[in-house]
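S.K.: final.tsv is reproduced below (TSV, C-alpha atoms).
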```tsv
chain	number	residue	atom	x	y	z
A	1001	MET	CA	38.61	-17.21	-73.43
A	1002	LYS	CA	37.60	-14.18	-71.42
A	1003	THR	CA	37.80	-14.50	-67.64
A	1004	ARG	CA	35.50	-12.51	-65.43
A	1005	PRO	CA	37.18	-10.33	-62.81
A	1006	ARG	CA	36.72	-11.87	-59.34
A	1007	HIS	CA	34.46	-9.82	-57.04
A	1008	GLU	CA	35.30	-10.43	-53.40
A	1009	LEU	CA	32.43	-10.15	-50.92
A	1010	PRO	CA	32.79	-7.29	-48.43
A	1011	VAL	CA	33.87	-8.52	-44.99
A	1012	VAL	CA	31.82	-7.36	-42.00
A	1013	PRO	CA	34.18	-6.55	-39.13
A	1014	THR	CA	33.08	-8.61	-36.11
A	1015	ALA	CA	36.11	-8.22	-33.90
A	1016	ASN	CA	34.41	-5.58	-31.69
A	1017	LEU	CA	31.16	-7.51	-31.39
A	1018	VAL	CA	32.24	-9.30	-28.20
A	1019	ASP	CA	33.22	-5.99	-26.57
A	1020	ILE	CA	29.80	-4.54	-27.32
A	1021	ALA	CA	28.09	-7.68	-25.97
A	1022	ILE	CA	30.15	-7.49	-22.74
A	1023	LEU	CA	29.19	-3.84	-22.28
A	1024	LEU	CA	25.51	-4.70	-22.75
A	1025	ILE	CA	25.78	-7.60	-20.26
A	1026	ILE	CA	27.33	-5.28	-17.66
A	1027	PHE	CA	24.49	-2.80	-18.25
A	1028	TYR	CA	21.78	-5.45	-17.79
A	1029	MET	CA	23.52	-6.95	-14.75
A	1030	ALA	CA	23.60	-3.53	-13.13
A	1031	CYS	CA	19.94	-2.86	-13.90
A	1032	SER	CA	18.53	-6.27	-12.94
A	1033	ASN	CA	16.56	-6.81	-9.79
A	1034	PHE	CA	15.38	-10.32	-9.05
A	1035	VAL	CA	14.10	-9.86	-5.48
A	1036	SER	CA	11.19	-7.54	-6.19
A	1037	GLN	CA	9.47	-9.94	-8.56
A	1038	GLN	CA	9.36	-12.88	-6.15
A	1039	PRO	CA	5.83	-12.87	-4.72
A	1040	GLY	CA	3.39	-14.67	-6.97
A	1041	ASN	CA	-0.26	-13.67	-6.79
A	1042	LEU	CA	-0.28	-10.00	-6.07
A	1043	LYS	CA	-2.50	-7.21	-7.40
A	1044	LEU	CA	-1.10	-3.82	-6.39
A	1045	PRO	CA	-3.42	-1.09	-5.07
A	1046	GLN	CA	-4.11	1.96	-7.23
A	1047	SER	CA	-4.02	5.64	-6.40
A	1048	PRO	CA	-3.53	8.83	-8.44
A	1049	ASP	CA	-1.33	10.33	-5.68
A	1050	ILE	CA	1.84	8.28	-6.17
A	1051	ASP	CA	5.36	9.04	-7.37
A	1052	LYS	CA	8.31	7.18	-8.81
A	1053	LEU	CA	10.59	5.72	-6.15
A	1054	ASN	CA	14.08	4.35	-5.86
A	1055	GLU	CA	13.95	0.65	-5.05
A	1056	PRO	CA	14.70	0.16	-1.34
A	1057	LEU	CA	17.01	-2.57	-0.05
A	1058	VAL	CA	14.43	-4.30	2.17
A	1059	LEU	CA	11.30	-5.87	0.71
A	1060	VAL	CA	8.23	-7.03	2.59
A	1061	ALA	CA	5.52	-8.66	0.50
A	1062	ILE	CA	2.01	-9.83	1.38
A	1063	ASP	CA	0.23	-11.86	-1.29
A	1064	ASN	CA	-3.51	-12.39	-1.79
A	1065	THR	CA	-3.55	-15.35	0.62
A	1066	GLY	CA	-2.08	-13.17	3.39
A	1067	ALA	CA	1.31	-14.93	3.31
A	1068	ILE	CA	4.08	-12.59	4.43
A	1069	ARG	CA	7.59	-12.66	2.98
A	1070	VAL	CA	10.66	-10.65	3.99
A	1071	GLN	CA	13.36	-10.49	1.30
A	1072	GLY	CA	11.56	-13.36	-0.42
A	1073	HIS	CA	11.61	-15.67	2.62
A	1074	PRO	CA	8.27	-16.67	4.19
A	1075	VAL	CA	7.72	-15.53	7.78
A	1076	SER	CA	5.03	-16.50	10.24
A	1077	GLY	CA	3.86	-13.13	11.55
A	1078	SER	CA	4.50	-9.52	12.39
A	1079	ALA	CA	6.91	-10.41	15.24
A	1080	ASP	CA	9.23	-12.05	12.70
A	1081	VAL	CA	8.87	-9.07	10.38
A	1082	GLU	CA	9.90	-6.73	13.19
A	1083	SER	CA	13.00	-8.72	14.15
A	1084	LEU	CA	14.13	-9.24	10.54
A	1085	VAL	CA	13.56	-5.62	9.49
A	1086	ALA	CA	15.32	-4.43	12.66
A	1087	ALA	CA	18.33	-6.57	11.77
A	1088	LEU	CA	18.35	-5.36	8.16
A	1089	VAL	CA	18.09	-1.64	8.91
A	1090	HIS	CA	20.29	-1.80	12.02
A	1091	GLY	CA	23.04	0.82	11.90
A	1092	GLN	CA	21.60	2.55	8.83
A	1093	THR	CA	21.54	6.25	9.47
A	1094	SER	CA	20.35	7.60	6.14
A	1095	GLU	CA	16.63	7.75	5.48
A	1096	GLU	CA	17.12	6.19	2.05
A	1097	LYS	CA	18.64	3.01	3.50
A	1098	ARG	CA	15.95	2.62	6.17
A	1099	ARG	CA	13.18	2.44	3.60
A	1100	VAL	CA	11.25	-0.81	3.50
A	1101	MET	CA	9.28	-1.56	0.36
A	1102	VAL	CA	5.84	-2.96	1.13
A	1103	ARG	CA	4.20	-4.80	-1.74
A	1104	CYS	CA	0.78	-5.83	-0.55
A	1105	ASP	CA	-2.17	-7.25	-2.46
A	1106	ALA	CA	-5.04	-4.76	-2.82
A	1107	GLY	CA	-7.54	-7.21	-1.33
A	1108	VAL	CA	-5.67	-8.03	1.88
A	1109	ARG	CA	-7.48	-6.99	5.06
A	1110	GLN	CA	-6.24	-4.53	7.67
A	1111	GLU	CA	-6.03	-7.24	10.32
A	1112	VAL	CA	-3.23	-8.81	8.19
A	1113	PHE	CA	-1.29	-5.80	6.85
A	1114	GLY	CA	-1.87	-3.46	9.85
A	1115	PRO	CA	0.40	-5.37	12.28
A	1116	VAL	CA	3.05	-5.68	9.53
A	1117	LEU	CA	3.12	-1.91	8.96
A	1118	GLU	CA	3.32	-1.34	12.71
A	1119	ALA	CA	6.15	-3.89	12.99
A	1120	ILE	CA	8.17	-2.12	10.26
A	1121	VAL	CA	7.74	1.24	11.98
A	1122	GLU	CA	8.67	-0.23	15.37
A	1123	ALA	CA	11.77	-1.83	13.82
A	1124	GLY	CA	12.97	1.59	12.68
A	1125	GLY	CA	12.04	1.21	9.02
A	1126	ILE	CA	10.33	3.77	6.82
A	1127	VAL	CA	7.32	2.30	5.05
A	1128	THR	CA	7.45	2.67	1.28
A	1129	ALA	CA	4.12	1.40	0.02
A	1130	VAL	CA	4.13	0.30	-3.60
A	1131	GLY	CA	1.13	0.98	-5.79
A	1132	GLU	CA	0.08	1.78	-9.33
A	1133	LYS	CA	-1.54	4.72	-11.04
A	1134	PRO	CA	-5.07	3.91	-12.18
A	1135	PRO	CA	-5.34	3.50	-15.96
A	1136	ALA	CA	-6.30	6.70	-17.80
A	1137	ARG	CA	-9.88	6.72	-19.05
B	403	MET	CA	67.92	-13.23	-27.01
B	404	TYR	CA	66.20	-16.16	-28.63
B	405	LYS	CA	62.85	-15.43	-30.16
B	406	LEU	CA	60.26	-18.06	-30.82
B	407	PRO	CA	58.99	-18.08	-34.34
B	408	ARG	CA	55.64	-16.22	-34.63
B	409	LYS	CA	53.90	-19.08	-36.32
B	410	LYS	CA	54.66	-21.42	-33.41
B	411	LEU	CA	53.41	-18.92	-30.79
B	412	LEU	CA	50.04	-18.53	-32.47
B	413	GLY	CA	49.66	-22.23	-32.90
B	414	GLN	CA	50.24	-23.32	-29.28
B	415	ASP	CA	49.56	-20.57	-26.72
B	416	ALA	CA	46.70	-18.48	-28.14
B	417	ILE	CA	43.47	-18.67	-26.07
B	418	PRO	CA	40.59	-19.86	-28.23
B	419	THR	CA	38.04	-17.04	-28.33
B	420	THR	CA	35.82	-18.21	-31.13
B	421	SER	CA	33.04	-19.38	-28.78
B	422	LEU	CA	33.26	-16.26	-26.58
B	423	ALA	CA	30.81	-14.32	-28.72
B	424	ASP	CA	28.26	-17.16	-28.49
B	425	MET	CA	28.52	-17.25	-24.68
B	426	MET	CA	28.23	-13.47	-24.48
B	427	PHE	CA	25.07	-13.51	-26.58
B	428	LEU	CA	23.53	-16.25	-24.44
B	429	LEU	CA	24.19	-14.17	-21.31
B	430	LEU	CA	22.89	-11.07	-23.04
B	431	ILE	CA	19.63	-12.79	-24.01
B	432	PHE	CA	19.25	-14.04	-20.41
B	433	PHE	CA	19.65	-10.56	-18.92
B	434	ILE	CA	17.40	-8.94	-21.52
B	435	MET	CA	14.65	-11.46	-20.72
B	436	THR	CA	14.91	-11.16	-16.92
B	437	THR	CA	15.42	-7.41	-16.49
B	438	THR	CA	12.55	-5.07	-15.73
B	439	LEU	CA	13.44	-1.47	-16.38
B	440	THR	CA	10.18	-0.04	-15.04
B	441	ARG	CA	10.55	2.19	-11.99
B	442	VAL	CA	8.71	1.35	-8.79
B	443	THR	CA	5.85	3.71	-7.99
B	444	GLY	CA	4.31	4.31	-4.59
B	445	ILE	CA	4.46	6.48	-1.51
B	446	VAL	CA	6.99	6.97	1.27
B	447	THR	CA	5.26	7.30	4.63
B	448	ASP	CA	7.38	8.40	7.54
B	449	MET	CA	5.03	7.06	10.21
B	450	PRO	CA	5.78	8.04	13.78
B	451	SER	CA	6.51	5.07	16.06
B	452	GLY	CA	5.30	4.59	19.63
B	453	SER	CA	1.79	5.04	21.00
B	454	LYS	CA	-0.34	7.93	22.12
B	455	THR	CA	-3.69	7.92	23.81
B	456	ARG	CA	-6.62	8.12	21.43
B	457	GLN	CA	-7.97	11.23	23.13
B	458	ALA	CA	-4.71	13.17	22.97
B	459	GLN	CA	-4.41	12.48	19.24
B	460	ALA	CA	-8.00	13.36	18.46
B	461	GLU	CA	-7.75	16.72	20.19
B	462	LYS	CA	-4.77	17.87	18.14
B	463	ASN	CA	-4.84	16.08	14.84
B	464	PRO	CA	-7.51	15.23	12.26
B	465	THR	CA	-8.58	11.59	12.26
B	466	LEU	CA	-9.44	9.83	9.04
B	467	GLY	CA	-11.53	6.76	9.76
B	468	LEU	CA	-12.10	3.77	7.52
B	469	HIS	CA	-14.99	1.76	8.89
B	470	ASN	CA	-17.07	-0.74	6.92
B	471	GLY	CA	-16.10	0.76	3.55
B	472	GLN	CA	-17.09	4.27	4.69
B	473	LEU	CA	-14.63	7.13	5.10
B	474	THR	CA	-15.05	9.57	7.96
B	475	LEU	CA	-13.06	12.65	8.88
B	476	ASP	CA	-13.30	13.48	12.58
B	477	ASP	CA	-16.34	11.16	12.70
B	478	LYS	CA	-18.14	12.99	9.84
B	479	PRO	CA	-18.88	10.75	6.82
B	480	MET	CA	-17.51	12.11	3.55
B	481	THR	CA	-16.04	11.09	0.23
B	482	ILE	CA	-12.28	10.82	-0.32
B	483	GLU	CA	-12.39	13.90	-2.58
B	484	GLU	CA	-14.10	15.94	0.16
B	485	ALA	CA	-11.54	14.77	2.70
B	486	GLU	CA	-8.73	15.72	0.31
B	487	ARG	CA	-10.17	19.23	-0.12
B	488	TYR	CA	-10.47	19.60	3.66
B	489	LEU	CA	-6.90	18.44	4.33
B	490	LYS	CA	-5.50	20.67	1.56
B	491	GLY	CA	-7.30	23.60	3.19
B	492	LEU	CA	-5.39	22.94	6.44
B	493	HIS	CA	-2.08	23.81	4.67
B	494	LEU	CA	-0.29	20.95	6.43
B	495	PRO	CA	3.14	21.41	4.74
B	496	GLN	CA	3.49	24.82	6.43
B	497	ARG	CA	2.95	23.34	9.91
B	498	SER	CA	5.37	21.73	12.36
B	499	ASP	CA	5.91	17.94	12.12
B	500	GLU	CA	3.68	17.27	15.12
B	501	ALA	CA	0.82	19.33	13.72
B	502	ARG	CA	1.09	17.60	10.33
B	503	VAL	CA	0.11	14.22	11.77
B	504	VAL	CA	-3.16	12.79	10.44
B	505	VAL	CA	-4.41	9.71	12.28
B	506	LEU	CA	-5.52	6.93	9.95
B	507	SER	CA	-7.85	4.67	11.85
B	508	ALA	CA	-9.18	1.46	10.31
B	509	THR	CA	-11.13	-1.60	11.35
B	510	GLY	CA	-9.75	-5.08	10.67
B	511	ASN	CA	-11.99	-5.81	7.69
B	512	GLU	CA	-10.88	-2.83	5.52
B	513	ASN	CA	-8.97	-3.85	2.42
B	514	TYR	CA	-5.53	-2.53	1.46
B	515	GLN	CA	-6.83	-0.75	-1.68
B	516	PHE	CA	-9.02	1.59	0.42
B	517	TYR	CA	-6.26	2.03	3.02
B	518	PHE	CA	-3.58	2.76	0.39
B	519	ARG	CA	-5.82	5.31	-1.33
B	520	ALA	CA	-6.38	7.13	2.00
B	521	MET	CA	-2.69	6.91	2.94
B	522	SER	CA	-1.53	8.32	-0.41
B	523	MET	CA	-4.11	11.10	-0.22
B	524	ILE	CA	-2.82	12.16	3.24
B	525	GLN	CA	0.76	12.13	1.90
B	526	ALA	CA	-0.25	14.21	-1.13
B	527	CYS	CA	-1.83	16.78	1.19
B	528	GLY	CA	1.46	17.08	3.11
B	529	GLY	CA	0.33	15.11	6.16
B	530	ILE	CA	2.24	12.52	8.18
B	531	VAL	CA	0.29	9.28	8.54
B	532	ALA	CA	-0.12	7.82	12.03
B	533	ILE	CA	-1.78	4.43	11.90
B	534	GLU	CA	-4.33	3.23	14.40
B	535	SER	CA	-6.13	-0.10	14.53
B	536	VAL	CA	-9.68	-0.26	15.79
B	537	GLU	CA	-11.34	-3.38	17.16
B	538	GLY	CA	-14.53	-4.59	15.56
B	539	GLY	CA	-15.95	-4.12	12.09
B	540	LYS	CA	-18.72	-5.82	10.25
```
Could I get this structure in the form of structure tokens?
M.R.:
Amino acid sequence: MKTRPRHELPVVPTANLVDIAILLIIFYMACSNFVSQQPGNLKLPQSPDIDKLNEPLVLVAIDNTGAIRVQGHPVSGSADVESLVAALVHGQTSEEKRRVMVRCDAGVRQEVFGPVLEAIVEAGGIVTAVGEKPPAR
Amino acid sequence: MYKLPRKKLLGQDAIPTTSLADMMFLLLIFFIMTTTLTRVTGIVTDMPSGSKTRQAQAEKNPTLGLHNGQLTLDDKPMTIEEAERYLKGLHLPQRSDEARVVVLSATGNENYQFYFRAMSMIQACGGIVAIESVEGGK
């Protein structure tokens, strides 16, 4: 009786797979930012005159109900914003580290966001207003 | 020196790494799902702090007013494009910091979209935004 020669299946080397996965995890951990996505209902304002920015360390958000949050924590008013921002930017000498990202809903009125902007400036922060480019027609 | 047999070493002391790849992939999927790689876009406004009298500002610096949905430049009504042309004509980037200040005055009922558009336009023209709140409105 004739016996067929045994064909062994090629083995895929998977020993380095874990190393690659670890490298990818480190990459995603370094790139992740969870703070900036915290506020819920927020429609950013649009303007053609905007640039790409580095994400600042301090975040102030005002949602469509006028609720103010600093670093994701709700605050009652502009006085709280001023004291918190002052504490966060205290001792920072570089302009980059004094930047405060303001994410405000496009429909919020000046009587709500005006005092917040003033509070940030008084606290020594540099206002970095976040917006979007209008969609191309 | 006494050497342990190789077979025994592998059998007792080796750390089990078979499930490591599964854990790594779970973490990887988590980070891929939660990461946003889009860059933030916006404007950086180095607003001067402190207060000046309204009259002293108006004499030196242009004032952009936002009142009841209408834009005015030094109390003259105009469109945002006209205001942009006017401010670009002033060649603000070539001036000193104090002369680059453009006062942005708004009533309490103006929305942030209108305000942001005006603020970004002043920045694009090389001006420094100084904010001013005005009582009243509609």
S.K.: Find the spatial neighbours of Ala1086 (chain A), counting only C-alpha atoms, within a cut-off of 8 Å - ignore same-chain residues fewer than 3 positions away - and output them as a list of chain:residue names.
M.R.: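 Contacts, with the query itself left out: A:Glu1082, A:Ser1083, A:Val1089, A:His1090, A:Ile1120, A:Ala1123, A:Gly1124, A:Gly1125.
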S.K.: May I ask you to extract the residues of chain A within 9 Å of chain B, using only C-alpha atoms, and to give them as JSON, numbers by chain?
M.R.: {"A": [1017, 1018, 1019, 1021, 1022, 1024, 1025, 1028, 1029, 1031, 1032, 1033, 1034, 1044, 1045, 1046, 1047, 1048, 1049, 1050, 1051, 1052, 1053, 1054, 1055, 1099, 1101, 1104, 1105, 1106, 1107, 1108, 1109, 1110, 1111, 1112, 1113, 1114, 1115, 1117, 1118, 1121, 1122, 1123, 1124, 1125, 1126, 1127, 1128, 1129, 1130, 1131, 1132, 1133]}
S.K.: Would you work out the distance separating CA of Ala416 (chain B) from CA of Pro1010 (chain A), expressed in Å to one decimal?
M.R.: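 So the two atoms, CA of Ala416 (chain B) and CA of Pro1010 (chain A), lie 27.0 Å apart.
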S.K.: From the set B:Ser421, B:Thr465, B:Ile530, B:Gly471, which residue has the shortest atom-to-atom contact distance to Val503 (chain B), counting only C-alpha atoms?
M.R.: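 Selected residue with least distance to Val503 (chain B): B:Ile530.
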S.K.: Calculate how many Å separate CA of Val531 (chain B) from CA of Pro495 (chain B), rounding to one decimal.
M.R.: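 Between CA of Val531 (chain B) and CA of Pro495 (chain B) the gap works out to 13.0 Å.
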S.K.: With only C-alpha atoms as the atoms that count, which of A:Val1058, A:Ser1094, A:Leu1042, A:Ala1015 lies nearest to Val1081 (chain A)?
M.R.: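 Selected residue with least distance to Val1081 (chain A): A:Val1058.
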S.K.: Give the answer as one residue: which of B:Gly467, B:Asp415, B:Lys462, B:Val505 has the shortest atom-to-atom distance to Thr481 (chain B), using only C-alpha atoms?
M.R.: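 The shortest atom-to-atom distance to Thr481 (chain B) comes from B:Gly467.
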S.K.: For the atom pair CA of Ala1067 (chain A) and CA of Val504 (chain B), what is the interatomic distance in Å to one decimal place?
M.R.: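 So the two atoms, CA of Ala1067 (chain A) and CA of Val504 (chain B), lie 29.0 Å apart.
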S.K.: Do you know which residues lie at most 7 Å from (-16.4, 1.8, 10.8), with coordinates as in the file and all atoms listed in the file counted, and could you write them as a PyMOL selection string?
M.R.: chain B and resi 468-470+472+509+539
S.K.: Which one of A:Ala1079, A:Val1116, A:Leu1057, A:Val1070 sits closest to Glu1095 (chain A) if you count only C-alpha atoms?
M.R.: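 Counting only C-alpha atoms, the residue closest to Glu1095 (chain A) is A:Leu1057.
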